[in-house]
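Data block for upload-v8.txt (compact mmCIF, N, CA and C atoms):
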```txt
# COMPACT_ATOMS: atom_id res chain seq x y z
N MET A 265 27.50 -23.74 16.18
CA MET A 265 26.64 -23.97 17.32
C MET A 265 26.49 -22.69 18.15
N VAL A 266 27.57 -21.92 18.28
CA VAL A 266 27.51 -20.69 19.07
C VAL A 266 26.59 -19.69 18.40
N LYS A 267 26.68 -19.58 17.06
CA LYS A 267 25.81 -18.65 16.35
C LYS A 267 24.35 -19.04 16.52
N GLY A 268 24.05 -20.31 16.44
CA GLY A 268 22.68 -20.77 16.64
C GLY A 268 22.19 -20.50 18.05
N PHE A 269 23.06 -20.70 19.05
CA PHE A 269 22.69 -20.41 20.45
C PHE A 269 22.41 -18.93 20.63
N ASN A 270 23.28 -18.07 20.05
CA ASN A 270 23.07 -16.62 20.15
C ASN A 270 21.76 -16.22 19.48
N ASP A 271 21.47 -16.78 18.30
CA ASP A 271 20.25 -16.42 17.58
C ASP A 271 19.00 -16.86 18.35
N ARG A 272 19.02 -18.03 18.95
CA ARG A 272 17.82 -18.58 19.59
C ARG A 272 17.65 -18.13 21.05
N VAL A 273 18.74 -17.90 21.79
CA VAL A 273 18.62 -17.61 23.22
C VAL A 273 19.02 -16.17 23.56
N VAL A 274 20.23 -15.80 23.22
CA VAL A 274 20.78 -14.51 23.66
C VAL A 274 20.02 -13.35 23.02
N PHE A 275 19.82 -13.36 21.70
CA PHE A 275 19.13 -12.26 21.04
C PHE A 275 17.67 -12.16 21.48
N VAL A 276 17.02 -13.30 21.71
CA VAL A 276 15.64 -13.30 22.20
C VAL A 276 15.60 -12.67 23.59
N LEU A 277 16.55 -13.03 24.44
CA LEU A 277 16.62 -12.47 25.79
C LEU A 277 16.88 -10.96 25.73
N ILE A 278 17.79 -10.54 24.86
CA ILE A 278 18.10 -9.11 24.73
C ILE A 278 16.89 -8.35 24.25
N ARG A 279 16.15 -8.86 23.26
CA ARG A 279 14.93 -8.19 22.76
C ARG A 279 13.88 -8.09 23.85
N HIS A 280 13.75 -9.15 24.64
CA HIS A 280 12.78 -9.15 25.73
C HIS A 280 13.15 -8.08 26.78
N ILE A 281 14.42 -8.00 27.15
CA ILE A 281 14.88 -6.99 28.13
C ILE A 281 14.69 -5.59 27.57
N GLU A 282 15.02 -5.41 26.29
CA GLU A 282 14.86 -4.09 25.67
C GLU A 282 13.39 -3.66 25.65
N GLY A 283 12.49 -4.57 25.30
CA GLY A 283 11.06 -4.25 25.31
C GLY A 283 10.55 -3.94 26.70
N TYR A 284 11.03 -4.69 27.69
CA TYR A 284 10.61 -4.48 29.08
C TYR A 284 11.07 -3.10 29.58
N LEU A 285 12.33 -2.74 29.31
CA LEU A 285 12.85 -1.44 29.75
C LEU A 285 12.16 -0.28 29.02
N THR A 286 11.82 -0.49 27.75
CA THR A 286 11.08 0.53 27.01
C THR A 286 9.71 0.76 27.64
N LYS A 287 9.02 -0.34 27.99
CA LYS A 287 7.71 -0.23 28.65
C LYS A 287 7.83 0.50 29.98
N ILE A 288 8.83 0.19 30.76
CA ILE A 288 9.04 0.86 32.06
C ILE A 288 9.32 2.34 31.82
N GLY A 289 10.14 2.67 30.82
CA GLY A 289 10.45 4.06 30.51
C GLY A 289 9.21 4.84 30.11
N ILE A 290 8.33 4.22 29.32
CA ILE A 290 7.09 4.88 28.92
C ILE A 290 6.20 5.11 30.14
N ASP A 291 6.12 4.14 31.02
CA ASP A 291 5.33 4.29 32.25
C ASP A 291 5.87 5.41 33.14
N MET A 292 7.18 5.59 33.14
CA MET A 292 7.79 6.63 33.97
C MET A 292 7.73 8.01 33.31
N GLY A 293 7.39 8.09 32.05
CA GLY A 293 7.28 9.37 31.37
C GLY A 293 8.55 9.81 30.68
N VAL A 294 9.48 8.87 30.42
CA VAL A 294 10.74 9.21 29.77
C VAL A 294 10.50 9.71 28.35
N ASP A 295 9.44 9.23 27.71
CA ASP A 295 9.20 9.61 26.33
C ASP A 295 8.52 10.97 26.20
N GLU A 296 8.11 11.55 27.32
CA GLU A 296 7.46 12.87 27.27
C GLU A 296 8.52 13.94 27.06
N LYS A 297 8.15 14.95 26.32
CA LYS A 297 9.07 16.05 26.05
C LYS A 297 8.83 17.14 27.10
N ASN A 298 9.86 17.46 27.86
CA ASN A 298 9.78 18.53 28.85
C ASN A 298 10.34 19.81 28.25
N THR A 299 9.56 20.87 28.36
CA THR A 299 9.99 22.16 27.87
C THR A 299 10.10 23.11 29.06
N PHE A 300 11.26 23.71 29.21
CA PHE A 300 11.47 24.66 30.30
C PHE A 300 11.73 26.04 29.71
N ASN A 301 10.99 27.01 30.18
CA ASN A 301 11.24 28.40 29.82
C ASN A 301 11.90 29.04 31.03
N ILE A 302 13.14 29.49 30.88
CA ILE A 302 13.88 30.04 32.00
C ILE A 302 14.09 31.52 31.76
N THR A 303 13.66 32.32 32.74
CA THR A 303 13.83 33.76 32.69
C THR A 303 14.63 34.18 33.91
N VAL A 304 15.72 34.88 33.71
CA VAL A 304 16.55 35.34 34.82
C VAL A 304 16.52 36.86 34.85
N LYS A 305 16.15 37.39 36.01
CA LYS A 305 16.14 38.83 36.18
C LYS A 305 16.63 39.14 37.58
N ASN A 306 17.75 39.82 37.68
CA ASN A 306 18.35 40.18 38.96
C ASN A 306 18.61 38.98 39.85
N GLY A 307 19.04 37.88 39.26
CA GLY A 307 19.43 36.73 40.04
C GLY A 307 18.29 35.80 40.43
N GLN A 308 17.09 36.04 39.97
CA GLN A 308 15.96 35.18 40.29
C GLN A 308 15.64 34.32 39.08
N VAL A 309 15.48 33.02 39.27
CA VAL A 309 15.19 32.11 38.17
C VAL A 309 13.76 31.61 38.33
N ASN A 310 12.99 31.71 37.25
CA ASN A 310 11.62 31.21 37.21
C ASN A 310 11.55 30.10 36.18
N ILE A 311 11.02 28.94 36.58
CA ILE A 311 10.93 27.80 35.66
C ILE A 311 9.46 27.46 35.49
N ALA A 312 9.02 27.38 34.23
CA ALA A 312 7.64 27.03 33.92
C ALA A 312 7.64 25.82 32.99
N ASN A 313 6.87 24.78 33.31
CA ASN A 313 6.76 23.58 32.49
C ASN A 313 5.67 23.75 31.45
N ASP A 314 5.97 23.34 30.23
CA ASP A 314 5.02 23.32 29.13
C ASP A 314 4.28 24.64 28.99
N ASN A 315 2.96 24.64 29.19
CA ASN A 315 2.17 25.85 29.01
C ASN A 315 1.84 26.55 30.31
N SER A 316 2.50 26.21 31.38
CA SER A 316 2.21 26.83 32.67
C SER A 316 2.84 28.21 32.76
N THR A 317 2.34 29.00 33.68
CA THR A 317 2.84 30.35 33.89
C THR A 317 3.23 30.48 35.35
N LEU A 318 4.36 31.10 35.58
CA LEU A 318 4.87 31.29 36.93
C LEU A 318 5.20 32.76 37.11
N ILE A 319 4.64 33.36 38.15
CA ILE A 319 4.94 34.75 38.46
C ILE A 319 5.51 34.77 39.87
N ALA A 320 6.72 35.30 40.00
CA ALA A 320 7.38 35.34 41.30
C ALA A 320 7.84 36.75 41.58
N TYR A 321 7.68 37.17 42.81
CA TYR A 321 8.13 38.48 43.24
C TYR A 321 9.15 38.29 44.34
N ASN A 322 10.15 39.11 44.31
CA ASN A 322 11.20 39.06 45.32
C ASN A 322 11.33 40.44 45.93
N ASN A 323 10.71 40.64 47.05
CA ASN A 323 10.77 41.92 47.73
C ASN A 323 11.74 41.82 48.89
N ILE A 324 12.78 42.62 48.83
CA ILE A 324 13.75 42.64 49.91
C ILE A 324 13.52 43.93 50.68
N SER A 325 13.21 43.79 51.92
CA SER A 325 13.02 44.96 52.76
C SER A 325 13.80 44.76 54.04
N PHE A 326 14.00 45.84 54.74
CA PHE A 326 14.74 45.75 55.98
C PHE A 326 14.10 46.67 57.00
N ASP A 327 14.47 46.47 58.23
CA ASP A 327 13.95 47.28 59.32
C ASP A 327 14.89 48.46 59.53
N PRO A 328 14.45 49.70 59.23
CA PRO A 328 15.34 50.84 59.41
C PRO A 328 15.73 51.06 60.87
N ASN A 329 14.86 50.66 61.79
CA ASN A 329 15.20 50.80 63.20
C ASN A 329 16.37 49.89 63.57
N GLU A 330 16.39 48.69 62.99
CA GLU A 330 17.50 47.77 63.23
C GLU A 330 18.80 48.34 62.67
N LEU A 331 18.73 48.94 61.48
CA LEU A 331 19.90 49.57 60.89
C LEU A 331 20.43 50.68 61.78
N ASN A 332 19.53 51.55 62.25
CA ASN A 332 19.93 52.65 63.13
C ASN A 332 20.55 52.13 64.42
N LYS A 333 19.97 51.05 64.97
CA LYS A 333 20.49 50.48 66.20
C LYS A 333 21.91 49.94 65.99
N LEU A 334 22.13 49.26 64.87
CA LEU A 334 23.46 48.72 64.59
C LEU A 334 24.49 49.82 64.35
N ILE A 335 24.08 50.88 63.65
CA ILE A 335 24.99 52.00 63.40
C ILE A 335 25.35 52.70 64.70
N LEU A 336 24.34 52.93 65.56
CA LEU A 336 24.61 53.56 66.85
C LEU A 336 25.52 52.71 67.71
N ASN A 337 25.36 51.39 67.64
CA ASN A 337 26.22 50.49 68.40
C ASN A 337 27.67 50.59 67.92
N VAL A 338 27.86 50.63 66.61
CA VAL A 338 29.22 50.76 66.07
C VAL A 338 29.83 52.10 66.50
N LYS A 339 29.03 53.17 66.43
CA LYS A 339 29.53 54.49 66.82
C LYS A 339 29.89 54.52 68.31
N LYS A 340 29.03 53.92 69.13
CA LYS A 340 29.26 53.92 70.58
C LYS A 340 30.55 53.16 70.91
N ILE A 341 30.73 52.02 70.29
CA ILE A 341 31.94 51.23 70.54
C ILE A 341 33.17 51.94 69.98
N SER A 342 33.02 52.62 68.85
CA SER A 342 34.18 53.32 68.25
C SER A 342 34.63 54.48 69.13
N GLN A 343 33.70 55.07 69.90
CA GLN A 343 34.09 56.15 70.81
C GLN A 343 34.94 55.63 71.96
N LYS A 344 34.72 54.37 72.35
CA LYS A 344 35.55 53.76 73.39
C LYS A 344 36.94 53.43 72.86
N GLU A 345 37.02 53.19 71.56
CA GLU A 345 38.27 52.83 70.92
C GLU A 345 39.18 54.05 70.85
N GLN A 346 40.41 53.81 70.62
CA GLN A 346 41.37 54.89 70.42
C GLN A 346 41.68 54.97 68.94
N LEU A 347 40.65 55.29 68.14
CA LEU A 347 40.82 55.38 66.69
C LEU A 347 41.51 56.70 66.35
N THR A 348 42.27 56.68 65.29
CA THR A 348 42.86 57.93 64.81
C THR A 348 41.75 58.80 64.25
N SER A 349 42.05 60.08 64.10
CA SER A 349 41.02 60.99 63.59
C SER A 349 40.63 60.62 62.16
N ASP A 350 41.60 60.13 61.39
CA ASP A 350 41.29 59.71 60.01
C ASP A 350 40.35 58.50 60.01
N ASP A 351 40.65 57.53 60.87
CA ASP A 351 39.78 56.35 60.96
C ASP A 351 38.38 56.72 61.44
N GLU A 352 38.32 57.63 62.40
CA GLU A 352 37.02 58.07 62.92
C GLU A 352 36.22 58.77 61.83
N GLU A 353 36.87 59.62 61.05
CA GLU A 353 36.21 60.33 59.96
C GLU A 353 35.75 59.35 58.88
N GLN A 354 36.62 58.40 58.53
CA GLN A 354 36.27 57.40 57.52
C GLN A 354 35.09 56.57 57.99
N LEU A 355 35.09 56.17 59.26
CA LEU A 355 33.99 55.38 59.81
C LEU A 355 32.68 56.15 59.73
N ASN A 356 32.69 57.40 60.16
CA ASN A 356 31.46 58.20 60.15
C ASN A 356 30.94 58.42 58.73
N CYS A 357 31.84 58.69 57.81
CA CYS A 357 31.42 58.90 56.41
C CYS A 357 30.81 57.63 55.82
N ASN A 358 31.46 56.50 56.06
CA ASN A 358 30.96 55.25 55.52
C ASN A 358 29.63 54.85 56.15
N LEU A 359 29.48 55.08 57.45
CA LEU A 359 28.21 54.77 58.10
C LEU A 359 27.09 55.66 57.56
N GLU A 360 27.42 56.92 57.29
CA GLU A 360 26.42 57.83 56.72
C GLU A 360 26.02 57.40 55.31
N VAL A 361 26.98 56.98 54.51
CA VAL A 361 26.69 56.50 53.14
C VAL A 361 25.77 55.28 53.21
N ILE A 362 26.09 54.34 54.07
CA ILE A 362 25.27 53.13 54.21
C ILE A 362 23.87 53.50 54.62
N SER A 363 23.76 54.35 55.61
CA SER A 363 22.44 54.75 56.12
C SER A 363 21.61 55.44 55.04
N GLU A 364 22.20 56.40 54.35
CA GLU A 364 21.45 57.16 53.34
C GLU A 364 21.09 56.30 52.13
N GLU A 365 22.01 55.46 51.69
CA GLU A 365 21.73 54.64 50.52
C GLU A 365 20.66 53.59 50.80
N LEU A 366 20.70 52.97 51.97
CA LEU A 366 19.69 51.95 52.27
C LEU A 366 18.31 52.56 52.49
N LYS A 367 18.26 53.81 52.89
CA LYS A 367 16.97 54.47 53.09
C LYS A 367 16.36 54.97 51.79
N SER A 368 17.19 55.11 50.74
CA SER A 368 16.66 55.60 49.47
C SER A 368 15.86 54.52 48.77
N LYS A 369 15.01 54.94 47.83
CA LYS A 369 14.16 53.98 47.12
C LYS A 369 14.96 53.06 46.22
N GLN A 370 16.01 53.58 45.61
CA GLN A 370 16.87 52.76 44.74
C GLN A 370 18.32 52.92 45.22
N PRO A 371 18.70 52.11 46.22
CA PRO A 371 20.06 52.24 46.73
C PRO A 371 21.10 51.82 45.69
N ARG A 372 22.19 52.55 45.66
CA ARG A 372 23.29 52.24 44.74
C ARG A 372 24.20 51.24 45.44
N LYS A 373 24.18 50.03 44.93
CA LYS A 373 24.93 48.94 45.56
C LYS A 373 26.43 49.20 45.55
N SER A 374 26.93 49.85 44.54
CA SER A 374 28.37 50.10 44.47
C SER A 374 28.81 51.03 45.59
N PHE A 375 27.99 52.03 45.93
CA PHE A 375 28.32 52.93 47.03
C PHE A 375 28.33 52.17 48.35
N ILE A 376 27.33 51.30 48.51
CA ILE A 376 27.23 50.54 49.76
C ILE A 376 28.42 49.59 49.89
N LYS A 377 28.78 48.91 48.80
CA LYS A 377 29.91 47.98 48.85
C LYS A 377 31.22 48.72 49.14
N THR A 378 31.39 49.90 48.57
CA THR A 378 32.59 50.69 48.83
C THR A 378 32.65 51.11 50.29
N ALA A 379 31.50 51.53 50.84
CA ALA A 379 31.44 51.92 52.24
C ALA A 379 31.74 50.74 53.15
N VAL A 380 31.22 49.58 52.83
CA VAL A 380 31.47 48.38 53.63
C VAL A 380 32.96 48.03 53.60
N GLU A 381 33.57 48.12 52.42
CA GLU A 381 35.01 47.84 52.32
C GLU A 381 35.82 48.85 53.12
N GLY A 382 35.37 50.10 53.14
CA GLY A 382 36.05 51.13 53.93
C GLY A 382 35.98 50.85 55.41
N ILE A 383 34.84 50.37 55.87
CA ILE A 383 34.68 50.04 57.29
C ILE A 383 35.54 48.84 57.65
N LYS A 384 35.64 47.87 56.75
CA LYS A 384 36.45 46.68 57.01
C LYS A 384 37.92 47.03 57.22
N MET A 385 38.38 48.12 56.62
CA MET A 385 39.78 48.50 56.71
C MET A 385 40.15 49.06 58.08
N ILE A 386 39.17 49.48 58.86
CA ILE A 386 39.43 50.09 60.17
C ILE A 386 39.68 48.98 61.18
N ARG A 387 40.79 49.07 61.87
CA ARG A 387 41.17 48.06 62.85
C ARG A 387 40.80 48.54 64.25
N GLY A 388 40.35 47.60 65.06
CA GLY A 388 40.00 47.91 66.43
C GLY A 388 40.01 46.65 67.27
N THR A 389 39.38 46.74 68.43
CA THR A 389 39.34 45.59 69.34
C THR A 389 38.35 44.56 68.82
N ALA A 390 38.28 43.45 69.53
CA ALA A 390 37.37 42.37 69.15
C ALA A 390 35.92 42.84 69.25
N GLU A 391 35.62 43.67 70.24
CA GLU A 391 34.26 44.17 70.41
C GLU A 391 33.86 45.05 69.22
N PHE A 392 34.79 45.89 68.77
CA PHE A 392 34.54 46.74 67.61
C PHE A 392 34.36 45.88 66.36
N ALA A 393 35.22 44.88 66.19
CA ALA A 393 35.13 44.00 65.03
C ALA A 393 33.81 43.24 65.01
N ALA A 394 33.35 42.82 66.19
CA ALA A 394 32.07 42.10 66.26
C ALA A 394 30.91 43.01 65.87
N ALA A 395 30.92 44.25 66.34
CA ALA A 395 29.86 45.20 66.00
C ALA A 395 29.87 45.51 64.51
N VAL A 396 31.06 45.68 63.95
CA VAL A 396 31.17 45.97 62.51
C VAL A 396 30.71 44.76 61.70
N THR A 397 31.09 43.57 62.12
CA THR A 397 30.68 42.36 61.41
C THR A 397 29.17 42.20 61.41
N THR A 398 28.54 42.47 62.54
CA THR A 398 27.07 42.39 62.62
C THR A 398 26.42 43.38 61.67
N LEU A 399 26.94 44.61 61.64
CA LEU A 399 26.42 45.63 60.74
C LEU A 399 26.61 45.22 59.28
N ILE A 400 27.78 44.69 58.95
CA ILE A 400 28.06 44.31 57.56
C ILE A 400 27.16 43.16 57.12
N GLN A 401 26.94 42.19 58.00
CA GLN A 401 26.04 41.08 57.66
C GLN A 401 24.62 41.58 57.42
N PHE A 402 24.17 42.53 58.23
CA PHE A 402 22.83 43.10 58.04
C PHE A 402 22.76 43.84 56.71
N VAL A 403 23.77 44.63 56.40
CA VAL A 403 23.79 45.41 55.15
C VAL A 403 23.82 44.48 53.94
N GLN A 404 24.64 43.44 54.01
CA GLN A 404 24.75 42.51 52.87
C GLN A 404 23.45 41.74 52.64
N SER A 405 22.69 41.51 53.69
CA SER A 405 21.40 40.84 53.50
C SER A 405 20.38 41.76 52.85
N CYS A 406 20.62 43.06 52.91
CA CYS A 406 19.69 44.03 52.34
C CYS A 406 19.98 44.34 50.87
N ILE A 407 21.21 44.08 50.43
CA ILE A 407 21.54 44.44 49.02
C ILE A 407 21.57 43.22 48.15
```

Once more with this new file: its structure as structure tokens, please.
Amino acid sequence: MVKGFNDRVVFVLIRHIEGYLTKIGIDMGVDEKNTFNITVKNGQVNIANDNSTLIAYNNISFDPNELNKLILNVKKISQKEQLTSDDEEQLNCNLEVISEELKSKQPRKSFIKTAVEGIKMIRGTAEFAAAVTTLIQFVQSCI
């Protein structure tokens, strides 16, 4: 009796549900084949569906006047500080490297990162740390 009930009721119900879900899936586009062409260049991802074409440009630019203002602010605050001559020399060299590299057409990121790490090593007051942090955030947004 159970086999007959399964054959007449349960299997018919299962086939009906399966057909209904298949129809819904077709209406939603589940049966369509999606093709993605992914191209990664310098951290930018471009996704194009099927035969479409996508062209994306990523231009990173910065305001050199803002950079100069931040560097002058760090220098001004560092003069108020009682930095050792070594720290003062290291700060000036690293600020010069950052300034020159960011102004060049193809800045060398490794030089900039090294200069930023050198500036981070210099200890000072909270005001000095805030000025350095602002400069570092600006520099990191540019590279």

Distance criterion (only C-alpha atoms): nearest to A:Ala394 out of A:Gly289, A:Gly268, A:Asn337, A:Ala312
A:Asn337

Nearest candidate to A:Cys406 (options A:Val309, A:Leu336, A:Ile341, A:Ile376; using only C-alpha atoms):
A:Ile376

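When atom CA of A:Gln401 is paired with atom CA of A:Lys373, their separation reads 14.5 Å.
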
Hey, which of A:Met385, A:Leu331, A:Val276, A:Leu366 ends up closest to A:Leu399? Count all atoms listed in the file.
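Residue with the minimum atom-to-atom distance to A:Leu399: A:Leu331.
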
All file atoms of stretch 326-339 of chain A boxed axis-aligned, 4 Å per side, centre plus edges, as lines of an AutoDock Vina configuration file:
```
center_x = 21.9
center_y = 50.1
center_z = 61.6
size_x = 23.9
size_y = 16.8
size_z = 21.7
```

Restricting the calculation to only N, CA and C atoms, which member of A:Leu359, A:Ser342, A:Thr303, A:Glu353 is positioned closest to A:Val380?
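Checking each of A:Leu359, A:Ser342, A:Thr303, A:Glu353 against A:Val380, counting only N, CA and C atoms, the winner is A:Leu359.
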
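The shortest atom-to-atom distance to A:Leu347, with all atoms listed in the file taken into account, belongs to A:Gly388 out of A:Val304, A:Gly388, A:Lys367, A:Pro328.
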
Option closest in space to A:Leu355, from A:Leu285, A:Ile311, A:Ile319, A:Ile335 [counting only C-alpha atoms]
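Once distances to A:Leu355 are computed over only C-alpha atoms, the minimum belongs to A:Ile335.
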